[in-house]
file query-v1.pdb (PDB, C-alpha atoms, pLDDT in the B column)
ATOM      1  CA  MET A   1      -2.495 -56.453 -22.802  1.00 90.00           C
ATOM      2  CA  ASP A   2      -4.081 -54.415 -20.005  1.00 94.00           C
ATOM      3  CA  TYR A   3      -6.100 -57.216 -18.397  1.00 96.00           C
ATOM      4  CA  ILE A   4      -5.879 -60.975 -17.873  1.00 98.00           C
ATOM      5  CA  GLN A   5      -7.812 -62.905 -20.520  1.00 98.00           C
ATOM      6  CA  ASN A   6      -6.581 -66.421 -19.783  1.00 98.00           C
ATOM      7  CA  PHE A   7      -4.691 -68.064 -16.945  1.00 98.00           C
ATOM      8  CA  ASP A   8      -3.766 -71.768 -16.975  1.00 96.00           C
ATOM      9  CA  TYR A   9      -1.751 -73.550 -14.293  1.00 94.00           C
ATOM     10  CA  HIS A  10      -0.665 -77.090 -15.089  1.00 93.00           C
ATOM     11  CA  ASP A  11      -0.018 -79.711 -12.427  1.00 88.00           C
ATOM     12  CA  LEU A  12      -1.190 -77.817  -9.337  1.00 85.00           C
ATOM     13  CA  TRP A  13      -0.604 -79.932  -6.222  1.00 85.00           C
ATOM     14  CA  ASN A  14       0.246 -82.783  -8.624  1.00 85.00           C
ATOM     15  CA  LYS A  15      -3.520 -83.249  -8.925  1.00 87.00           C
ATOM     16  CA  TYR A  16      -5.104 -80.551 -11.092  1.00 90.00           C
ATOM     17  CA  ASN A  17      -4.812 -78.446 -14.181  1.00 93.00           C
ATOM     18  CA  VAL A  18      -6.394 -75.042 -13.581  1.00 94.00           C
ATOM     19  CA  ILE A  19      -7.950 -73.742 -16.794  1.00 96.00           C
ATOM     20  CA  TRP A  20      -9.430 -70.237 -16.644  1.00 97.00           C
ATOM     21  CA  HIS A  21     -10.280 -68.676 -19.997  1.00 98.00           C
ATOM     22  CA  HIS A  22     -12.251 -65.606 -21.099  1.00 97.00           C
ATOM     23  CA  LEU A  23     -11.955 -63.631 -17.867  1.00 98.00           C
ATOM     24  CA  ASN A  24     -14.143 -60.541 -17.731  1.00 98.00           C
ATOM     25  CA  LYS A  25     -12.300 -57.306 -18.357  1.00 98.00           C
ATOM     26  CA  ASP A  26     -14.096 -55.628 -15.460  1.00 98.00           C
ATOM     27  CA  VAL A  27     -15.094 -57.976 -12.613  1.00 98.00           C
ATOM     28  CA  ASN A  28     -14.432 -61.650 -11.789  1.00 98.00           C
ATOM     29  CA  ILE A  29     -15.756 -63.101  -8.516  1.00 98.00           C
ATOM     30  CA  LEU A  30     -14.382 -66.470  -7.408  1.00 97.00           C
ATOM     31  CA  VAL A  31     -16.700 -68.427  -5.141  1.00 96.00           C
ATOM     32  CA  GLY A  32     -16.692 -71.929  -3.682  1.00 92.00           C
ATOM     33  CA  ILE A  33     -16.269 -73.752  -0.396  1.00 84.00           C
ATOM     34  CA  ASN A  34     -13.151 -73.330   1.735  1.00 81.00           C
ATOM     35  CA  GLY A  35     -10.116 -75.393   0.864  1.00 77.00           C
ATOM     36  CA  LYS A  36     -10.868 -75.650  -2.856  1.00 82.00           C
ATOM     37  CA  GLY A  37      -8.054 -73.347  -3.965  1.00 90.00           C
ATOM     38  CA  LYS A  38      -9.462 -69.820  -4.325  1.00 94.00           C
ATOM     39  CA  THR A  39      -6.724 -68.137  -2.293  1.00 94.00           C
ATOM     40  CA  THR A  40      -4.102 -70.446  -3.795  1.00 94.00           C
ATOM     41  CA  LEU A  41      -5.118 -69.325  -7.278  1.00 95.00           C
ATOM     42  CA  LEU A  42      -4.851 -65.640  -6.334  1.00 96.00           C
ATOM     43  CA  ASN A  43      -1.428 -66.289  -4.805  1.00 95.00           C
ATOM     44  CA  VAL A  44      -0.271 -68.047  -7.971  1.00 94.00           C
ATOM     45  CA  ILE A  45      -1.515 -65.218 -10.210  1.00 96.00           C
ATOM     46  CA  ASN A  46       0.190 -62.618  -8.037  1.00 96.00           C
ATOM     47  CA  GLU A  47       3.440 -64.586  -7.904  1.00 94.00           C
ATOM     48  CA  TYR A  48       3.470 -65.161 -11.650  1.00 94.00           C
ATOM     49  CA  TYR A  49       3.123 -61.487 -12.542  1.00 95.00           C
ATOM     50  CA  ASN A  50       5.101 -59.921  -9.683  1.00 94.00           C
ATOM     51  CA  SER A  51       8.027 -62.309  -9.123  1.00 84.00           C
ATOM     52  CA  LYS A  52      11.333 -62.169 -10.951  1.00 75.00           C
ATOM     53  CA  PRO A  53      11.675 -64.474 -13.972  1.00 68.00           C
ATOM     54  CA  GLY A  54      12.669 -67.958 -12.919  1.00 63.00           C
ATOM     55  CA  LYS A  55      11.035 -67.635  -9.511  1.00 64.00           C
ATOM     56  CA  ASN A  56       7.389 -67.721 -10.489  1.00 65.00           C
ATOM     57  CA  ASN A  57       6.572 -71.306 -11.550  1.00 67.00           C
ATOM     58  CA  SER A  58       6.372 -70.028 -15.125  1.00 75.00           C
ATOM     59  CA  LYS A  59       7.097 -73.489 -16.536  1.00 81.00           C
ATOM     60  CA  HIS A  60       3.684 -74.582 -15.216  1.00 87.00           C
ATOM     61  CA  ILE A  61       1.791 -71.512 -16.391  1.00 93.00           C
ATOM     62  CA  GLU A  62       0.336 -70.217 -19.647  1.00 94.00           C
ATOM     63  CA  ALA A  63      -1.186 -66.788 -19.184  1.00 96.00           C
ATOM     64  CA  THR A  64      -1.945 -63.487 -20.855  1.00 97.00           C
ATOM     65  CA  PRO A  65       1.170 -61.280 -21.009  1.00 95.00           C
ATOM     66  CA  LEU A  66       0.478 -57.984 -19.242  1.00 96.00           C
ATOM     67  CA  ASP A  67       1.639 -54.422 -19.794  1.00 94.00           C
ATOM     68  CA  CYS A  68       0.042 -53.212 -16.561  1.00 97.00           C
ATOM     69  CA  PRO A  69       0.690 -53.740 -12.835  1.00 96.00           C
ATOM     70  CA  VAL A  70      -0.955 -56.394 -10.678  1.00 97.00           C
ATOM     71  CA  VAL A  71      -1.920 -55.268  -7.157  1.00 96.00           C
ATOM     72  CA  TYR A  72      -2.809 -57.813  -4.472  1.00 96.00           C
ATOM     73  CA  ILE A  73      -4.864 -56.959  -1.376  1.00 94.00           C
ATOM     74  CA  GLN A  74      -4.665 -60.041   0.801  1.00 90.00           C
ATOM     75  CA  SER A  75      -7.208 -61.159   3.363  1.00 81.00           C
ATOM     76  CA  ALA A  76      -7.484 -58.907   6.413  1.00 66.00           C
ATOM     77  CA  ASP A  77      -8.150 -62.000   8.478  1.00 52.00           C
ATOM     78  CA  VAL A  78      -4.644 -63.508   8.284  1.00 45.00           C
ATOM     79  CA  PRO A  79      -3.453 -62.627  11.825  1.00 44.00           C
ATOM     80  CA  SER A  80      -5.528 -64.629  14.323  1.00 48.00           C
ATOM     81  CA  ASP A  81      -4.655 -62.219  17.132  1.00 49.00           C
ATOM     82  CA  VAL A  82      -6.942 -59.157  17.084  1.00 49.00           C
ATOM     83  CA  LYS A  83      -4.141 -56.768  18.061  1.00 52.00           C
ATOM     84  CA  LYS A  84      -1.877 -58.117  15.323  1.00 56.00           C
ATOM     85  CA  LYS A  85      -4.700 -57.842  12.799  1.00 52.00           C
ATOM     86  CA  ASN A  86      -5.394 -54.222  13.733  1.00 61.00           C
ATOM     87  CA  SER A  87      -1.677 -53.455  13.638  1.00 77.00           C
ATOM     88  CA  GLN A  88      -1.325 -54.952  10.149  1.00 78.00           C
ATOM     89  CA  LEU A  89      -4.354 -53.037   8.875  1.00 81.00           C
ATOM     90  CA  LEU A  90      -2.930 -49.781  10.233  1.00 85.00           C
ATOM     91  CA  GLU A  91       0.476 -50.503   8.710  1.00 86.00           C
ATOM     92  CA  ASN A  92      -1.129 -51.143   5.313  1.00 86.00           C
ATOM     93  CA  LEU A  93      -3.190 -47.976   5.578  1.00 88.00           C
ATOM     94  CA  LEU A  94      -0.327 -45.703   6.625  1.00 87.00           C
ATOM     95  CA  ARG A  95       1.773 -47.042   3.761  1.00 87.00           C
ATOM     96  CA  VAL A  96      -0.692 -45.658   1.197  1.00 89.00           C
ATOM     97  CA  VAL A  97      -1.361 -42.427   3.101  1.00 89.00           C
ATOM     98  CA  LEU A  98       2.002 -41.097   4.268  1.00 83.00           C
ATOM     99  CA  GLN A  99       5.064 -39.867   2.400  1.00 67.00           C
ATOM    100  CA  ASN A 100       6.696 -42.992   1.062  1.00 65.00           C
ATOM    101  CA  GLY A 101       9.799 -43.251  -1.079  1.00 59.00           C
ATOM    102  CA  LYS A 102       9.169 -46.848  -2.104  1.00 68.00           C
ATOM    103  CA  GLN A 103       5.672 -46.609  -3.558  1.00 76.00           C
ATOM    104  CA  GLU A 104       2.932 -44.157  -4.412  1.00 85.00           C
ATOM    105  CA  SER A 105       1.056 -42.637  -1.477  1.00 90.00           C
ATOM    106  CA  PHE A 106      -1.756 -40.137  -1.034  1.00 90.00           C
ATOM    107  CA  PHE A 107       0.764 -37.631   0.356  1.00 88.00           C
ATOM    108  CA  ASN A 108       2.986 -37.918  -2.724  1.00 89.00           C
ATOM    109  CA  TYR A 109       0.012 -37.821  -5.082  1.00 90.00           C
ATOM    110  CA  ARG A 110      -1.349 -34.635  -3.532  1.00 88.00           C
ATOM    111  CA  MET A 111       2.086 -32.983  -3.645  1.00 87.00           C
ATOM    112  CA  ARG A 112       2.090 -33.342  -7.430  1.00 87.00           C
ATOM    113  CA  ALA A 113      -0.466 -30.532  -7.592  1.00 83.00           C
ATOM    114  CA  LEU A 114       2.194 -28.200  -6.177  1.00 81.00           C
ATOM    115  CA  ASN A 115       5.053 -29.518  -8.292  1.00 85.00           C
ATOM    116  CA  TYR A 116       3.101 -29.758 -11.554  1.00 88.00           C
ATOM    117  CA  PRO A 117       0.547 -26.911 -11.767  1.00 87.00           C
ATOM    118  CA  GLU A 118      -0.807 -28.226 -15.084  1.00 90.00           C
ATOM    119  CA  MET A 119      -1.995 -31.355 -13.219  1.00 90.00           C
ATOM    120  CA  ALA A 120      -3.512 -29.485 -10.275  1.00 92.00           C
ATOM    121  CA  GLN A 121      -7.123 -29.367 -11.513  1.00 93.00           C
ATOM    122  CA  ARG A 122      -7.262 -33.075 -12.379  1.00 94.00           C
ATOM    123  CA  ILE A 123      -5.681 -34.028  -9.052  1.00 93.00           C
ATOM    124  CA  SER A 124      -8.128 -31.828  -7.161  1.00 92.00           C
ATOM    125  CA  GLU A 125     -11.118 -33.320  -9.007  1.00 95.00           C
ATOM    126  CA  ARG A 126      -9.963 -36.884  -8.334  1.00 96.00           C
ATOM    127  CA  ILE A 127      -9.444 -36.151  -4.635  1.00 94.00           C
ATOM    128  CA  GLU A 128     -12.952 -34.647  -4.449  1.00 95.00           C
ATOM    129  CA  LEU A 129     -14.335 -37.838  -6.029  1.00 96.00           C
ATOM    130  CA  LEU A 130     -12.422 -39.992  -3.534  1.00 96.00           C
ATOM    131  CA  PHE A 131     -13.654 -37.958  -0.569  1.00 96.00           C
ATOM    132  CA  ARG A 132     -17.272 -38.156  -1.765  1.00 96.00           C
ATOM    133  CA  GLU A 133     -16.985 -41.936  -1.940  1.00 97.00           C
ATOM    134  CA  ILE A 134     -15.372 -42.198   1.495  1.00 96.00           C
ATOM    135  CA  ASP A 135     -17.948 -39.874   3.054  1.00 95.00           C
ATOM    136  CA  GLY A 136     -20.720 -41.962   1.496  1.00 95.00           C
ATOM    137  CA  TYR A 137     -19.584 -44.841   3.707  1.00 95.00           C
ATOM    138  CA  PHE A 138     -18.533 -42.973   6.830  1.00 93.00           C
ATOM    139  CA  SER A 139     -21.621 -40.754   7.048  1.00 89.00           C
ATOM    140  CA  GLN A 140     -23.341 -43.705   8.746  1.00 85.00           C
ATOM    141  CA  THR A 141     -20.992 -43.196  11.693  1.00 86.00           C
ATOM    142  CA  ASN A 142     -21.205 -39.385  11.543  1.00 89.00           C
ATOM    143  CA  LYS A 143     -17.639 -38.960  10.304  1.00 92.00           C
ATOM    144  CA  HIS A 144     -16.274 -37.152   7.286  1.00 92.00           C
ATOM    145  CA  VAL A 145     -12.792 -37.179   5.775  1.00 93.00           C
ATOM    146  CA  GLU A 146     -10.640 -34.106   5.325  1.00 91.00           C
ATOM    147  CA  ILE A 147      -7.022 -33.045   4.955  1.00 88.00           C
ATOM    148  CA  ASP A 148      -5.160 -31.669   7.944  1.00 84.00           C
ATOM    149  CA  LYS A 149      -3.386 -28.905   6.012  1.00 80.00           C
ATOM    150  CA  VAL A 150      -0.833 -28.269   8.753  1.00 80.00           C
ATOM    151  CA  ARG A 151       0.436 -31.872   8.727  1.00 79.00           C
ATOM    152  CA  ASN A 152      -0.760 -32.731   5.199  1.00 76.00           C
ATOM    153  CA  LEU A 153      -2.494 -35.825   6.587  1.00 80.00           C
ATOM    154  CA  LEU A 154      -5.823 -37.537   6.052  1.00 87.00           C
ATOM    155  CA  VAL A 155      -7.990 -37.311   9.162  1.00 87.00           C
ATOM    156  CA  PHE A 156     -11.634 -37.803  10.021  1.00 92.00           C
ATOM    157  CA  ARG A 157     -13.837 -35.376  11.886  1.00 91.00           C
ATOM    158  CA  GLU A 158     -16.923 -36.246  13.908  1.00 89.00           C
ATOM    159  CA  GLN A 159     -20.116 -34.228  13.693  1.00 81.00           C
ATOM    160  CA  GLY A 160     -19.188 -32.440  16.901  1.00 77.00           C
ATOM    161  CA  GLY A 161     -15.873 -31.326  15.421  1.00 82.00           C
ATOM    162  CA  ASP A 162     -13.511 -33.748  17.159  1.00 88.00           C
ATOM    163  CA  VAL A 163     -10.641 -35.028  15.012  1.00 90.00           C
ATOM    164  CA  ILE A 164     -10.219 -38.794  14.669  1.00 90.00           C
ATOM    165  CA  GLU A 165      -6.757 -39.990  13.681  1.00 88.00           C
ATOM    166  CA  LEU A 166      -6.410 -43.003  11.388  1.00 89.00           C
ATOM    167  CA  GLU A 167      -5.140 -45.080  14.316  1.00 89.00           C
ATOM    168  CA  MET A 168      -8.511 -44.676  16.040  1.00 90.00           C
ATOM    169  CA  LEU A 169     -10.604 -46.089  13.196  1.00 91.00           C
ATOM    170  CA  SER A 170     -12.182 -49.532  13.518  1.00 90.00           C
ATOM    171  CA  ALA A 171     -10.728 -52.541  11.688  1.00 89.00           C
ATOM    172  CA  GLY A 172     -13.493 -52.338   9.081  1.00 90.00           C
ATOM    173  CA  GLU A 173     -12.952 -48.622   8.540  1.00 92.00           C
ATOM    174  CA  LYS A 174      -9.211 -49.134   8.097  1.00 92.00           C
ATOM    175  CA  GLN A 175      -9.781 -51.997   5.660  1.00 93.00           C
ATOM    176  CA  LEU A 176     -12.249 -50.010   3.560  1.00 95.00           C
ATOM    177  CA  LEU A 177     -10.043 -46.932   3.482  1.00 95.00           C
ATOM    178  CA  TYR A 178      -7.023 -49.020   2.485  1.00 94.00           C
ATOM    179  CA  ILE A 179      -8.916 -50.587  -0.427  1.00 96.00           C
ATOM    180  CA  LEU A 180     -10.312 -47.273  -1.708  1.00 97.00           C
ATOM    181  CA  LEU A 181      -6.960 -45.479  -1.430  1.00 96.00           C
ATOM    182  CA  THR A 182      -5.142 -48.331  -3.154  1.00 96.00           C
ATOM    183  CA  VAL A 183      -7.543 -48.093  -6.096  1.00 97.00           C
ATOM    184  CA  PHE A 184      -7.423 -44.284  -6.122  1.00 96.00           C
ATOM    185  CA  LEU A 185      -3.625 -44.356  -6.361  1.00 95.00           C
ATOM    186  CA  MET A 186      -3.839 -46.411  -9.556  1.00 96.00           C
ATOM    187  CA  ASP A 187      -4.501 -42.975 -11.080  1.00 95.00           C
ATOM    188  CA  ASP A 188      -7.066 -44.199 -13.625  1.00 95.00           C
ATOM    189  CA  LYS A 189      -4.479 -46.485 -15.245  1.00 97.00           C
ATOM    190  CA  PRO A 190      -5.101 -50.086 -16.343  1.00 98.00           C
ATOM    191  CA  THR A 191      -4.396 -52.331 -13.355  1.00 98.00           C
ATOM    192  CA  VAL A 192      -5.292 -55.850 -12.288  1.00 98.00           C
ATOM    193  CA  LEU A 193      -6.581 -55.856  -8.705  1.00 98.00           C
ATOM    194  CA  LEU A 194      -6.553 -59.146  -6.791  1.00 98.00           C
ATOM    195  CA  MET A 195      -8.515 -59.221  -3.526  1.00 97.00           C
ATOM    196  CA  ASP A 196      -8.874 -62.143  -1.140  1.00 96.00           C
ATOM    197  CA  GLU A 197     -12.128 -61.953   0.831  1.00 94.00           C
ATOM    198  CA  PRO A 198     -12.314 -58.136   0.985  1.00 94.00           C
ATOM    199  CA  GLU A 199     -15.605 -58.381   2.898  1.00 93.00           C
ATOM    200  CA  LEU A 200     -13.879 -59.347   6.153  1.00 88.00           C
ATOM    201  CA  SER A 201     -14.473 -56.669   8.819  1.00 86.00           C
ATOM    202  CA  LEU A 202     -16.785 -54.682   6.502  1.00 93.00           C
ATOM    203  CA  HIS A 203     -20.416 -53.825   7.297  1.00 93.00           C
ATOM    204  CA  ILE A 204     -22.964 -55.589   5.080  1.00 95.00           C
ATOM    205  CA  GLU A 205     -23.995 -52.259   3.500  1.00 95.00           C
ATOM    206  CA  TRP A 206     -20.358 -51.506   2.686  1.00 96.00           C
ATOM    207  CA  GLN A 207     -19.884 -54.903   1.066  1.00 97.00           C
ATOM    208  CA  GLU A 208     -22.809 -54.218  -1.263  1.00 97.00           C
ATOM    209  CA  LYS A 209     -21.249 -50.952  -2.491  1.00 96.00           C
ATOM    210  CA  LEU A 210     -17.600 -52.010  -2.685  1.00 97.00           C
ATOM    211  CA  ILE A 211     -17.280 -53.170  -6.303  1.00 98.00           C
ATOM    212  CA  LYS A 212     -19.206 -50.138  -7.585  1.00 98.00           C
ATOM    213  CA  SER A 213     -16.875 -47.809  -5.652  1.00 98.00           C
ATOM    214  CA  ILE A 214     -13.767 -49.523  -7.012  1.00 98.00           C
ATOM    215  CA  ARG A 215     -15.073 -49.260 -10.566  1.00 98.00           C
ATOM    216  CA  LEU A 216     -15.912 -45.583 -10.026  1.00 98.00           C
ATOM    217  CA  LEU A 217     -12.433 -44.745  -8.708  1.00 98.00           C
ATOM    218  CA  ASN A 218     -10.743 -46.644 -11.531  1.00 98.00           C
ATOM    219  CA  PRO A 219     -12.916 -47.859 -14.432  1.00 97.00           C
ATOM    220  CA  LYS A 220      -9.782 -49.340 -16.043  1.00 98.00           C
ATOM    221  CA  CYS A 221      -9.211 -51.726 -13.152  1.00 98.00           C
ATOM    222  CA  GLN A 222      -9.814 -55.451 -13.694  1.00 98.00           C
ATOM    223  CA  ILE A 223     -11.068 -56.925 -10.407  1.00 99.00           C
ATOM    224  CA  ILE A 224     -10.410 -60.564  -9.504  1.00 99.00           C
ATOM    225  CA  LEU A 225     -11.645 -61.364  -6.016  1.00 98.00           C
ATOM    226  CA  THR A 226     -12.649 -64.255  -3.792  1.00 97.00           C
ATOM    227  CA  THR A 227     -15.591 -64.071  -1.423  1.00 96.00           C
ATOM    228  CA  HIS A 228     -17.907 -66.060   0.817  1.00 94.00           C
ATOM    229  CA  SER A 229     -20.368 -63.175   1.156  1.00 95.00           C
ATOM    230  CA  PRO A 230     -23.364 -62.801  -1.196  1.00 95.00           C
ATOM    231  CA  SER A 231     -23.444 -59.119  -0.196  1.00 96.00           C
ATOM    232  CA  ILE A 232     -20.355 -58.518  -2.345  1.00 96.00           C
ATOM    233  CA  PHE A 233     -22.161 -59.452  -5.568  1.00 96.00           C
ATOM    234  CA  VAL A 234     -25.832 -58.891  -4.693  1.00 93.00           C
ATOM    235  CA  SER A 235     -25.949 -55.425  -6.302  1.00 92.00           C
ATOM    236  CA  GLY A 236     -25.945 -56.602  -9.903  1.00 93.00           C
ATOM    237  CA  TRP A 237     -22.701 -58.569 -10.131  1.00 96.00           C
ATOM    238  CA  GLU A 238     -24.154 -62.096 -10.091  1.00 96.00           C
ATOM    239  CA  SER A 239     -23.245 -62.605 -13.760  1.00 96.00           C
ATOM    240  CA  LYS A 240     -19.569 -62.208 -12.826  1.00 97.00           C
ATOM    241  CA  LEU A 241     -19.509 -65.264 -10.542  1.00 98.00           C
ATOM    242  CA  VAL A 242     -16.963 -67.989 -11.285  1.00 97.00           C
ATOM    243  CA  TYR A 243     -17.157 -71.283  -9.386  1.00 96.00           C
ATOM    244  CA  ILE A 244     -13.686 -72.454  -8.448  1.00 95.00           C
ATOM    245  CA  GLU A 245     -14.704 -76.096  -8.949  1.00 94.00           C
ATOM    246  CA  ASP A 246     -15.323 -75.363 -12.649  1.00 95.00           C
ATOM    247  CA  LEU A 247     -11.697 -74.287 -13.147  1.00 96.00           C
ATOM    248  CA  PHE A 248     -10.001 -77.324 -11.588  1.00 92.00           C
ATOM    249  CA  ILE A 249      -9.618 -80.368 -13.822  1.00 90.00           C
ATOM    250  CA  LYS A 250      -8.243 -83.567 -12.296  1.00 89.00           C
ATOM    251  CA  ILE A 251      -5.127 -84.870 -14.007  1.00 86.00           C
TER     252      ILE A 251
END
call {"tool": "encode", "arguments": {"input": "query-v1.pdb", "output": "structure tokens"}}
result
Amino acid sequence: MDYIQNFDYHDLWNKYNVIWHHLNKDVNILVGINGKGKTTLLNVINEYYNSKPGKNNSKHIEATPLDCPVVYIQSADVPSDVKKKNSQLLENLLRVVLQNGKQESFFNYRMRALNYPEMAQRISERIELLFREIDGYFSQTNKHVEIDKVRNLLVFREQGGDVIELEMLSAGEKQLLYILLTVFLMDDKPTVLLMDEPELSLHIEWQEKLIKSIRLLNPKCQIILTTHSPSIFVSGWESKLVYIEDLFIKI
């Protein structure tokens, strides 16, 4: 299966059975007040699909078996210290941009065009699509994205021509770029994307466009996210809302 249809967790906190059936193949938006278990549920889903057998609470879980990866973008608001938060955002961003032996990166993806000429046109077209999406957000701040061909790096350039390195971007810009690049690197393949409060640090206008951009960059991506911001779902995604209280049944 290339998306999660059902996910049941029995005996959560020795208080609840979590019963979630008939998930949408495209978008699922978990809402509810703080402390009701939204982030916990995302953590459990991620752990179940990404942990080694025997280490994922599988005895408590009945869920759709998957033949696709599960990617988890955690809340950008975890570090309380602003410097630590910015440092973590930059670390996340550089991991998906630079040459990286452990996982896919934009650098490695772009290099495929040189190593596999038959893939060059598709790679070029996908990069053009990505850059159009990024520029659609960053044009508000008079920046546009480009490739520094000497260093083979992503950089931004201001209207006046000055280059802006990734390190100099704001927290919201880093967060947005990290999300879009993560989805881009799925390479149009079926993937489950978990996101915990992706709106943090993002402008209101960016929040309104985020789901549409993710679906454009990978239409085969199943999105499961938590949010407290109506701006995330105001642009036609209201029918995808799931209230966390409806999933928790007292034992």
call {"tool": "resolve_selection", "arguments": {"input": "query-v1.pdb", "expression": "the PyMOL selection byres ((chain A and resi 6) around 12)", "output": "JSON, numbers by chain"}}
result
{"A": [1, 3, 4, 5, 7, 8, 9, 18, 19, 20, 21, 22, 23, 24, 25, 45, 61, 62, 63, 64, 65, 66, 247]}
call {"tool": "atom_distance", "arguments": {"input": "query-v1.pdb", "atom1": "CA of Leu30 in chain A", "atom2": "CA of Leu200 in chain A"}}
result
15.3 Å
call {"tool": "resolve_selection", "arguments": {"input": "query-v1.pdb", "expression": "the PyMOL selection byres ((chain A and resi 158) around 10)", "output": "PyMOL selection string"}}
result
chain A and resi 138-139+141-145+156-157+159-164
call {"tool": "residues_near_point", "arguments": {"input": "query-v1.pdb", "point": "(-1.8, -57.4, -1.7)", "cutoff": "9 Å", "atoms": "only C-alpha atoms", "output": "list in words"}}
result
Asn46, Val71, Tyr72, Ile73, Gln74, Ser75, Leu193, Leu194, Met195 and Asp196 of chain A
call {"tool": "closest_residue", "arguments": {"input": "query-v1.pdb", "among": "A:Ser229, A:Asn50, A:Ser58, A:Ser239", "to": "Trp206 in chain A", "atoms": "all atoms listed in the file"}}
result
A:Ser229
call {"tool": "resolve_selection", "arguments": {"input": "query-v1.pdb", "expression": "the PyMOL selection byres ((chain A and resi 32) around 12)", "output": "list of chain:residue names"}}
result
A:Ile29, A:Leu30, A:Val31, A:Ile33, A:Asn34, A:Gly35, A:Lys36, A:Gly37, A:Lys38, A:Thr39, A:Glu197, A:Leu225, A:Thr226, A:Thr227, A:His228, A:Ser229, A:Pro230, A:Leu241, A:Val242, A:Tyr243, A:Ile244, A:Glu245, A:Asp246, A:Leu247, A:Phe248
call {"tool": "write_last_selection", "arguments": {"input": "query-v1.pdb", "atoms": "C-alpha atoms", "output": "PDB file, in the coordinates of the input"}}
result
ATOM      1  CA  ILE A  29     -15.756 -63.101  -8.516  1.00 98.00           C
ATOM      2  CA  LEU A  30     -14.382 -66.470  -7.408  1.00 97.00           C
ATOM      3  CA  VAL A  31     -16.700 -68.427  -5.141  1.00 96.00           C
ATOM      4  CA  ILE A  33     -16.269 -73.752  -0.396  1.00 84.00           C
ATOM      5  CA  ASN A  34     -13.151 -73.330   1.735  1.00 81.00           C
ATOM      6  CA  GLY A  35     -10.116 -75.393   0.864  1.00 77.00           C
ATOM      7  CA  LYS A  36     -10.868 -75.650  -2.856  1.00 82.00           C
ATOM      8  CA  GLY A  37      -8.054 -73.347  -3.965  1.00 90.00           C
ATOM      9  CA  LYS A  38      -9.462 -69.820  -4.325  1.00 94.00           C
ATOM     10  CA  THR A  39      -6.724 -68.137  -2.293  1.00 94.00           C
ATOM     11  CA  GLU A 197     -12.128 -61.953   0.831  1.00 94.00           C
ATOM     12  CA  LEU A 225     -11.645 -61.364  -6.016  1.00 98.00           C
ATOM     13  CA  THR A 226     -12.649 -64.255  -3.792  1.00 97.00           C
ATOM     14  CA  THR A 227     -15.591 -64.071  -1.423  1.00 96.00           C
ATOM     15  CA  HIS A 228     -17.907 -66.060   0.817  1.00 94.00           C
ATOM     16  CA  SER A 229     -20.368 -63.175   1.156  1.00 95.00           C
ATOM     17  CA  PRO A 230     -23.364 -62.801  -1.196  1.00 95.00           C
ATOM     18  CA  LEU A 241     -19.509 -65.264 -10.542  1.00 98.00           C
ATOM     19  CA  VAL A 242     -16.963 -67.989 -11.285  1.00 97.00           C
ATOM     20  CA  TYR A 243     -17.157 -71.283  -9.386  1.00 96.00           C
ATOM     21  CA  ILE A 244     -13.686 -72.454  -8.448  1.00 95.00           C
ATOM     22  CA  GLU A 245     -14.704 -76.096  -8.949  1.00 94.00           C
ATOM     23  CA  ASP A 246     -15.323 -75.363 -12.649  1.00 95.00           C
ATOM     24  CA  LEU A 247     -11.697 -74.287 -13.147  1.00 96.00           C
ATOM     25  CA  PHE A 248     -10.001 -77.324 -11.588  1.00 92.00           C
TER      26      PHE A 248
END
call {"tool": "decode", "arguments": {"input": "query-v1.pdb", "residues": "range 10-30 of chain A", "atoms": "C-alpha atoms", "output": "short mmCIF file (atom, residue, chain, number, x, y, z; two decimals), in the first residue's frame"}}
result
data_model
loop_
_atom_site.label_atom_id
_atom_site.label_comp_id
_atom_site.auth_asym_id
_atom_site.auth_seq_id
_atom_site.Cartn_x
_atom_site.Cartn_y
_atom_site.Cartn_z
CA HIS A 10 -4.57 0.24 21.63
CA ASP A 11 -3.98 1.21 25.25
CA LEU A 12 -2.31 4.60 24.76
CA TRP A 13 -1.29 6.04 28.14
CA ASN A 14 -3.29 3.17 29.68
CA LYS A 15 -6.34 5.35 29.03
CA TYR A 16 -7.30 5.37 25.35
CA ASN A 17 -7.68 3.37 22.20
CA VAL A 18 -6.87 5.53 19.18
CA ILE A 19 -9.02 4.50 16.22
CA TRP A 20 -8.32 6.29 12.94
CA HIS A 21 -9.91 4.74 9.86
CA HIS A 22 -10.41 5.86 6.25
CA LEU A 23 -7.58 8.39 6.11
CA ASN A 24 -7.59 10.56 3.00
CA LYS A 25 -5.06 9.53 0.40
CA ASP A 26 -4.03 13.15 -0.15
CA VAL A 27 -4.39 15.40 2.92
CA ASN A 28 -5.25 14.82 6.60
CA ILE A 29 -5.18 17.77 9.02
CA LEU A 30 -5.24 16.99 12.75
#
